[in-house]
Amino acid sequence: MGRRAKNKQAPPTPLPGTLEKKGPSRRQLSKTRKLQRAQDSKKRAPEPESDEESQPQPKKVKAAAKAQPKQNGKKTSSDKVEDSWDNLPIASDDEDDELDDDEFPMGSDMDSDEMEDDEEEIEEGDDAPDNDGVFPQVDNDFLGGSGSEAEEEQSLDEDDDEEEGSDEDDIAEFAGLDERKSRKLEARKAREAADAEAELKESAMQTNIGEDGGDFDMLEDEEDQADISQINLRIKEVVNILGNFKELRDPAKSRQDYLDRLLKDISTYYGYSDFLAEKLFNLFAPAEAIEFFEANEVPRPVTIRTNTLRTRRRDLAQALINRGVNLEPIGKWTKVGLQVFESQVPIGATPEYLAGHYMLQAASSFLPVMALAPQEHERVLDMASAPGGKTTHIAALLKNTGMVFANDFNKDRLKSLSANIHRLGVKNAVVCNYDGREFPKVIGGFDRVLLDAPCSGTGVISKDPGVKVNKTEKDFIDIPHLQKQLVLCAIDSVDANSKTGGYIVYSTCSVTVDENEAVVNYALRKRPNVKLVSTGIEFGREGFTRYRGKTFHPSLDLTRRYYPHMHNMDGFYVAKFKKFSNKIPKQTGDNVDEDVDQDADEAGPATFMEDEDSTILKAELRD
Amino acid sequence: MRPLTEEETKTLFEKLAKYIGSNIKHLIDRSDETYCFRLHKDRVYYVSESIMRKAVSVGRDQLGSLGVCFGKMTKTGKFRLHITALDYLAQYAKHKMWVKPNGEMPFLYGNHVVKAHLGRVTEDTPEHQGVIVLNMSDVPLGFGVTARSTSDSRKLQPTDIVAFHQADIGEYLREEDTLF
């Protein structure tokens, strides 16, 4: 029970902890993402091997143990001699690595390599990739500033002894330091990483004799790891600086310089296109943005929705537990959701699933239907319905009375939509295949309309990482354009005179403002016969009323945003409209330039309507 | 979408009668609402009249499904029941067969019901009678045709077939492309 409670959906841990804890695995993940290499398995194989094999050799273990505490400092060659190592060349090899970091010319390295080759042949494979890898690593100058490298490296050597041991409070130290010193810090970190790697390499040399090829791969990957971890560190530092800009900044750098650096690192580290990284970053404060990007790397919990047409949640939970499924109610906000922690059987093929007792559905997908709150005997339209999760949820709330129009634009998805509708025992549905923009010409006068609009999917990146790179600037013009057309059609399809309804819910699984607030604001402007009302969901962050110089209608704070890092569900947006008149007032001008004026004009009538409809609002809240 | 011809109605009802017998009348004369059968793209749908009237406004090419699909008319003029009709069949079925938990998955993979998996069966079920197959907790899994009468099946070997498979809910996954 305790473990389950722990697994419950909770807000993710604060940023620094998360980053540090997840450090290595994250590094590996993003590395594979970034590089798209098949070497992954290859790389993993030699690592544990070397660990295991090193154990039977007491000498090696001792050496490793001794070397560990010295990781943060520089190792002197005298240390090496003590370490019962009798081949000095290896010590000198270590020295070489440090030189690499300090950016000595390549030539001297090669010389020492050749010397070693005479004595120990295996090293040949080890050192070659080293030289390639380390250089670009240090070239990554902090904030892209250009300084004379030779000078830097010299001062590094001089200061080295003083700085030893003060590594723990890197960041604190960092605060007061000037640009040159910060660069030094970076360089030293690189060197430390290289030191650690040199250790590893040595052990590999000792144990994997004759496996040159394997060593080669592993070391090359090691390089990238070091590189990636550096970027991670740098991201943390810059976020820290931005959080306390006045005190921690380097006076020579502007805020924009820091932001540019951070954005570049984010797109490298998390694998986003520069454009999308900036777009998403701008939604949050820097620290929260990193949380958001981190949350996108972690899968959301598997959730199912009980089909109340067929069974009750308690019965379903019992049946699934008997099949070896570990589950728990999602939270207090839903009476039909269950979260699956682990399962011995495929959750999408149990007899209960086939019998339509539940639907595999993300927790966020419950929200628009809950906001829509369909009442029995109503006629409801789901404009973009495939694969039918929300449609069947609506039908369940209608208790198979009234009727549901399930529309989808994609003919191929109609099959899975019909299959789900039949499997879940929905008997009042009509499935059709129109472009949503053809409503209400096809049929109108609905009591409620759900528009879960097609979107860029920036809220579900953890599900579909392809979004990170395949969305371009053009998508963020085209998609909102379609959404604006759809939302107007949705509004026009509703009958304002409906006794119980007259509501429209607009939702997307995207977090960008262009697809959410901007679209809703557009709808309010174009259709003064609708207004926003509360979604009736008690949690979620309020929608933006102003964003980067744009001002939206003040009632947009009634809409709700959901984020992966805050609510542990997909990024989502829900807005609920109430239509109070079927007349579309004539617009004086459709010009986009008039945005601001119209917003100001609308504030008056909107508040007036609020009074008029307060009874309706209250009634809805009771529901 | 059009009403069924007399001939089509006859083949449909003959097929339904194999499973629900005289209970067909409950499908047609309902106390709550008027229901009707409609043919659309070879599929037969069972739908309330109010929904049917609204669905008329959807074009023929755009209409995917309405109400509950019972099955399809084959090109040779026969009627083939689909698993989607299971809800109504199970509700009005005359003869039922329960399978043990270890027989659930084999049946859901499209196999016949063997004697070893037979948990319970309605008394007096004749041979070649349409039966609804349920699991022990009364969840309908599909339907089939008995291979032996209830009394004959007592003497069978554990591996002998007691009911031939006709349709099962596993088809929602296996046959999704051809079902609709």
# chains A, B, ... in the order shown; residues from 1 in each chain; ligands from 1
$ select_by_dssp --residues "segment 251-415 of chain A" --states "helix (DSSP H, G or I)" --output "ChimeraX atom specification"
/A:255-270,274-281,286-295,313-322,351-354,363-372,389-398,413-415
$ write_last_selection --atoms "C-alpha atoms" --output "JSON list (two decimals), in the first residue's frame"
[["chain", "number", "residue", "atom", "x", "y", "z"],
["A", 255, "ARG", "CA", 20.14, 38.87, -20.67],
["A", 256, "GLN", "CA", 19.66, 38.03, -24.31],
["A", 257, "ASP", "CA", 23.12, 36.47, -24.48],
["A", 258, "TYR", "CA", 22.25, 34.18, -21.62],
["A", 259, "LEU", "CA", 18.89, 33.30, -23.14],
["A", 260, "ASP", "CA", 20.45, 32.56, -26.51],
["A", 261, "ARG", "CA", 22.99, 30.29, -24.89],
["A", 262, "LEU", "CA", 20.30, 28.55, -22.85],
["A", 263, "LEU", "CA", 18.02, 28.01, -25.82],
["A", 264, "LYS", "CA", 20.86, 26.60, -27.86],
["A", 265, "ASP", "CA", 21.74, 24.22, -25.05],
["A", 266, "ILE", "CA", 18.14, 23.17, -24.58],
["A", 267, "SER", "CA", 17.70, 22.34, -28.22],
["A", 268, "THR", "CA", 20.92, 20.33, -28.15],
["A", 269, "TYR", "CA", 20.34, 18.60, -24.87],
["A", 270, "TYR", "CA", 16.68, 17.70, -25.32],
["A", 274, "ASP", "CA", 15.58, 25.67, -32.29],
["A", 275, "PHE", "CA", 12.26, 27.10, -33.29],
["A", 276, "LEU", "CA", 10.16, 24.84, -31.10],
["A", 277, "ALA", "CA", 12.54, 25.10, -28.15],
["A", 278, "GLU", "CA", 12.14, 28.86, -28.18],
["A", 279, "LYS", "CA", 8.38, 28.66, -28.59],
["A", 280, "LEU", "CA", 7.95, 26.36, -25.61],
["A", 281, "PHE", "CA", 10.59, 28.07, -23.52],
["A", 286, "PRO", "CA", 13.34, 29.58, -17.18],
["A", 287, "ALA", "CA", 13.37, 27.17, -14.24],
["A", 288, "GLU", "CA", 9.86, 25.95, -14.98],
["A", 289, "ALA", "CA", 10.67, 25.59, -18.65],
["A", 290, "ILE", "CA", 13.42, 23.14, -17.77],
["A", 291, "GLU", "CA", 10.95, 21.21, -15.63],
["A", 292, "PHE", "CA", 8.62, 21.12, -18.60],
["A", 293, "PHE", "CA", 11.31, 19.83, -20.94],
["A", 294, "GLU", "CA", 12.36, 17.25, -18.36],
["A", 295, "ALA", "CA", 8.76, 16.08, -17.92],
["A", 313, "ARG", "CA", -15.26, 1.16, -11.37],
["A", 314, "ARG", "CA", -15.08, -0.99, -8.29],
["A", 315, "ASP", "CA", -16.07, -4.14, -10.17],
["A", 316, "LEU", "CA", -13.65, -3.38, -12.96],
["A", 317, "ALA", "CA", -10.80, -2.74, -10.54],
["A", 318, "GLN", "CA", -11.51, -6.04, -8.81],
["A", 319, "ALA", "CA", -11.64, -7.95, -12.10],
["A", 320, "LEU", "CA", -8.34, -6.46, -13.26],
["A", 321, "ILE", "CA", -6.63, -7.02, -9.92],
["A", 322, "ASN", "CA", -7.59, -10.68, -10.26],
["A", 351, "PRO", "CA", -11.25, -10.07, -21.81],
["A", 352, "GLU", "CA", -12.55, -7.04, -19.88],
["A", 353, "TYR", "CA", -11.09, -4.71, -22.46],
["A", 354, "LEU", "CA", -12.58, -6.69, -25.33],
["A", 363, "ALA", "CA", -6.08, 11.28, -17.99],
["A", 364, "SER", "CA", -6.05, 14.59, -19.83],
["A", 365, "SER", "CA", -8.66, 13.30, -22.27],
["A", 366, "PHE", "CA", -11.20, 13.10, -19.46],
["A", 367, "LEU", "CA", -11.09, 16.84, -18.98],
["A", 368, "PRO", "CA", -12.85, 18.18, -22.08],
["A", 369, "VAL", "CA", -15.75, 15.76, -21.63],
["A", 370, "MET", "CA", -16.04, 16.64, -17.96],
["A", 371, "ALA", "CA", -16.08, 20.29, -18.97],
["A", 372, "LEU", "CA", -18.72, 19.58, -21.61],
["A", 389, "GLY", "CA", -12.25, 7.85, -26.30],
["A", 390, "LYS", "CA", -14.07, 11.10, -25.70],
["A", 391, "THR", "CA", -17.08, 10.12, -27.81],
["A", 392, "THR", "CA", -17.71, 7.01, -25.76],
["A", 393, "HIS", "CA", -17.18, 9.03, -22.59],
["A", 394, "ILE", "CA", -19.89, 11.42, -23.76],
["A", 395, "ALA", "CA", -22.21, 8.52, -24.57],
["A", 396, "ALA", "CA", -21.56, 7.07, -21.13],
["A", 397, "LEU", "CA", -22.51, 10.36, -19.50],
["A", 398, "LEU", "CA", -25.63, 10.47, -21.67],
["A", 413, "ARG", "CA", -9.72, 6.32, -38.54],
["A", 414, "LEU", "CA", -13.44, 5.77, -38.88],
["A", 415, "LYS", "CA", -12.93, 2.03, -38.49]]
$ residues_around --residues "segment 428-430 of chain A" --least-positions-apart "5" --cutoff "7 Å" --atoms "only C-alpha atoms" --output "PyMOL selection string"
(chain A and resi 400-406) or (chain B and resi 55+65-67)
$ write_last_selection --atoms "N, CA and C atoms" --output "mmCIF file, in the first residue's frame"
data_model
loop_
_atom_site.group_PDB
_atom_site.id
_atom_site.type_symbol
_atom_site.label_atom_id
_atom_site.label_comp_id
_atom_site.auth_asym_id
_atom_site.auth_seq_id
_atom_site.Cartn_x
_atom_site.Cartn_y
_atom_site.Cartn_z
ATOM 1 N N ASN A 400 -26.549 6.502 -22.875
ATOM 2 C CA ASN A 400 -27.131 5.968 -24.114
ATOM 3 C C ASN A 400 -28.479 6.593 -24.473
ATOM 4 N N THR A 401 -28.791 7.742 -23.885
ATOM 5 C CA THR A 401 -29.982 8.460 -24.314
ATOM 6 C C THR A 401 -29.555 9.580 -25.256
ATOM 7 N N GLY A 402 -30.512 10.282 -25.820
ATOM 8 C CA GLY A 402 -30.163 11.341 -26.757
ATOM 9 C C GLY A 402 -29.365 10.770 -27.911
ATOM 10 N N MET A 403 -28.446 11.528 -28.448
ATOM 11 C CA MET A 403 -27.587 10.953 -29.478
ATOM 12 C C MET A 403 -26.258 11.681 -29.591
ATOM 13 N N VAL A 404 -25.270 10.965 -30.105
ATOM 14 C CA VAL A 404 -23.939 11.528 -30.293
ATOM 15 C C VAL A 404 -23.589 11.463 -31.774
ATOM 16 N N PHE A 405 -23.218 12.572 -32.325
ATOM 17 C CA PHE A 405 -22.656 12.580 -33.675
ATOM 18 C C PHE A 405 -21.145 12.520 -33.543
ATOM 19 N N ALA A 406 -20.563 11.427 -34.023
ATOM 20 C CA ALA A 406 -19.113 11.298 -33.960
ATOM 21 C C ALA A 406 -18.556 11.543 -35.347
ATOM 22 N N ALA B 55 -29.901 11.023 -38.837
ATOM 23 C CA ALA B 55 -28.782 10.548 -39.642
ATOM 24 C C ALA B 55 -29.059 10.667 -41.132
ATOM 25 N N SER B 65 -21.450 4.730 -39.672
ATOM 26 C CA SER B 65 -22.260 3.753 -38.961
ATOM 27 C C SER B 65 -23.301 4.507 -38.157
ATOM 28 N N LEU B 66 -24.393 3.839 -37.850
ATOM 29 C CA LEU B 66 -25.389 4.471 -36.975
ATOM 30 C C LEU B 66 -26.001 3.381 -36.103
ATOM 31 N N GLY B 67 -26.295 3.755 -34.881
ATOM 32 C CA GLY B 67 -26.851 2.767 -33.969
ATOM 33 C C GLY B 67 -25.916 1.579 -33.828
#
$ residues_around --residues "Thr74 of chain B" --least-positions-apart "5" --cutoff "9 Å" --atoms "only C-alpha atoms" --output "JSON, numbers by chain"
{"B": [42, 79, 80]}
$ interface_residues --of "chain B" --to "chain A" --cutoff "7 Å" --atoms "only C-alpha atoms" --output "ChimeraX atom specification"
/B:51,55,57-58,62-68,84,141,169-170,172,176-177,180
$ write_last_selection --atoms "N, CA and C atoms" --output "PDB file, in the first residue's frame"
ATOM      1  N   ILE B  51     -32.972   8.645 -34.075  1.00  0.00           N
ATOM      2  CA  ILE B  51     -31.587   8.788 -34.516  1.00  0.00           C
ATOM      3  C   ILE B  51     -31.509   8.613 -36.027  1.00  0.00           C
ATOM      4  N   ALA B  55     -29.901  11.023 -38.837  1.00  0.00           N
ATOM      5  CA  ALA B  55     -28.782  10.548 -39.642  1.00  0.00           C
ATOM      6  C   ALA B  55     -29.059  10.667 -41.132  1.00  0.00           C
ATOM      7  N   SER B  57     -29.620  13.235 -42.673  1.00  0.00           N
ATOM      8  CA  SER B  57     -28.951  14.417 -43.214  1.00  0.00           C
ATOM      9  C   SER B  57     -27.476  14.172 -43.534  1.00  0.00           C
ATOM     10  N   VAL B  58     -26.952  13.037 -43.124  1.00  0.00           N
ATOM     11  CA  VAL B  58     -25.562  12.712 -43.455  1.00  0.00           C
ATOM     12  C   VAL B  58     -25.549  12.015 -44.813  1.00  0.00           C
ATOM     13  N   GLN B  62     -20.501   9.698 -46.619  1.00  0.00           N
ATOM     14  CA  GLN B  62     -19.887  10.141 -45.368  1.00  0.00           C
ATOM     15  C   GLN B  62     -20.364   9.355 -44.154  1.00  0.00           C
ATOM     16  N   LEU B  63     -21.488   8.664 -44.297  1.00  0.00           N
ATOM     17  CA  LEU B  63     -22.030   7.960 -43.134  1.00  0.00           C
ATOM     18  C   LEU B  63     -21.200   6.706 -42.856  1.00  0.00           C
ATOM     19  N   GLY B  64     -20.682   6.606 -41.650  1.00  0.00           N
ATOM     20  CA  GLY B  64     -19.849   5.446 -41.311  1.00  0.00           C
ATOM     21  C   GLY B  64     -20.667   4.362 -40.645  1.00  0.00           C
ATOM     22  N   SER B  65     -21.450   4.730 -39.672  1.00  0.00           N
ATOM     23  CA  SER B  65     -22.260   3.753 -38.961  1.00  0.00           C
ATOM     24  C   SER B  65     -23.301   4.507 -38.157  1.00  0.00           C
ATOM     25  N   LEU B  66     -24.393   3.839 -37.850  1.00  0.00           N
ATOM     26  CA  LEU B  66     -25.389   4.471 -36.975  1.00  0.00           C
ATOM     27  C   LEU B  66     -26.001   3.381 -36.103  1.00  0.00           C
ATOM     28  N   GLY B  67     -26.295   3.755 -34.881  1.00  0.00           N
ATOM     29  CA  GLY B  67     -26.851   2.767 -33.969  1.00  0.00           C
ATOM     30  C   GLY B  67     -25.916   1.579 -33.828  1.00  0.00           C
ATOM     31  N   VAL B  68     -26.485   0.375 -33.877  1.00  0.00           N
ATOM     32  CA  VAL B  68     -25.695  -0.831 -33.684  1.00  0.00           C
ATOM     33  C   VAL B  68     -25.706  -1.658 -34.962  1.00  0.00           C
ATOM     34  N   THR B  84     -20.695  -7.342 -33.238  1.00  0.00           N
ATOM     35  CA  THR B  84     -21.272  -6.108 -32.714  1.00  0.00           C
ATOM     36  C   THR B  84     -22.719  -6.291 -32.268  1.00  0.00           C
ATOM     37  N   LEU B 141     -18.880 -13.293 -24.274  1.00  0.00           N
ATOM     38  CA  LEU B 141     -17.608 -13.327 -25.002  1.00  0.00           C
ATOM     39  C   LEU B 141     -17.805 -13.505 -26.495  1.00  0.00           C
ATOM     40  N   ILE B 169     -15.462 -11.585 -29.104  1.00  0.00           N
ATOM     41  CA  ILE B 169     -15.117 -10.171 -28.961  1.00  0.00           C
ATOM     42  C   ILE B 169     -13.651  -9.904 -29.286  1.00  0.00           C
ATOM     43  N   GLY B 170     -12.837 -10.940 -29.414  1.00  0.00           N
ATOM     44  CA  GLY B 170     -11.462 -10.742 -29.866  1.00  0.00           C
ATOM     45  C   GLY B 170     -11.405 -10.171 -31.267  1.00  0.00           C
ATOM     46  N   TYR B 172     -12.793  -7.610 -32.316  1.00  0.00           N
ATOM     47  CA  TYR B 172     -12.627  -6.156 -32.301  1.00  0.00           C
ATOM     48  C   TYR B 172     -11.177  -5.787 -32.571  1.00  0.00           C
ATOM     49  N   GLU B 176     -10.631  -5.704 -37.064  1.00  0.00           N
ATOM     50  CA  GLU B 176     -11.120  -4.337 -37.055  1.00  0.00           C
ATOM     51  C   GLU B 176     -11.256  -3.775 -38.478  1.00  0.00           C
ATOM     52  N   ASP B 177     -10.339  -4.185 -39.361  1.00  0.00           N
ATOM     53  CA  ASP B 177     -10.364  -3.616 -40.709  1.00  0.00           C
ATOM     54  C   ASP B 177     -11.523  -4.121 -41.555  1.00  0.00           C
ATOM     55  N   PHE B 180     -15.902  -3.255 -40.190  1.00  0.00           N
ATOM     56  CA  PHE B 180     -16.710  -2.048 -40.440  1.00  0.00           C
ATOM     57  C   PHE B 180     -16.477  -1.500 -41.848  1.00  0.00           C
TER      58      PHE B 180
END
$ closest_residue --among "B:Thr150, B:Lys94, B:Arg53, B:Lys72" --to "Ser22 of chain B" --atoms "only C-alpha atoms"
B:Lys94
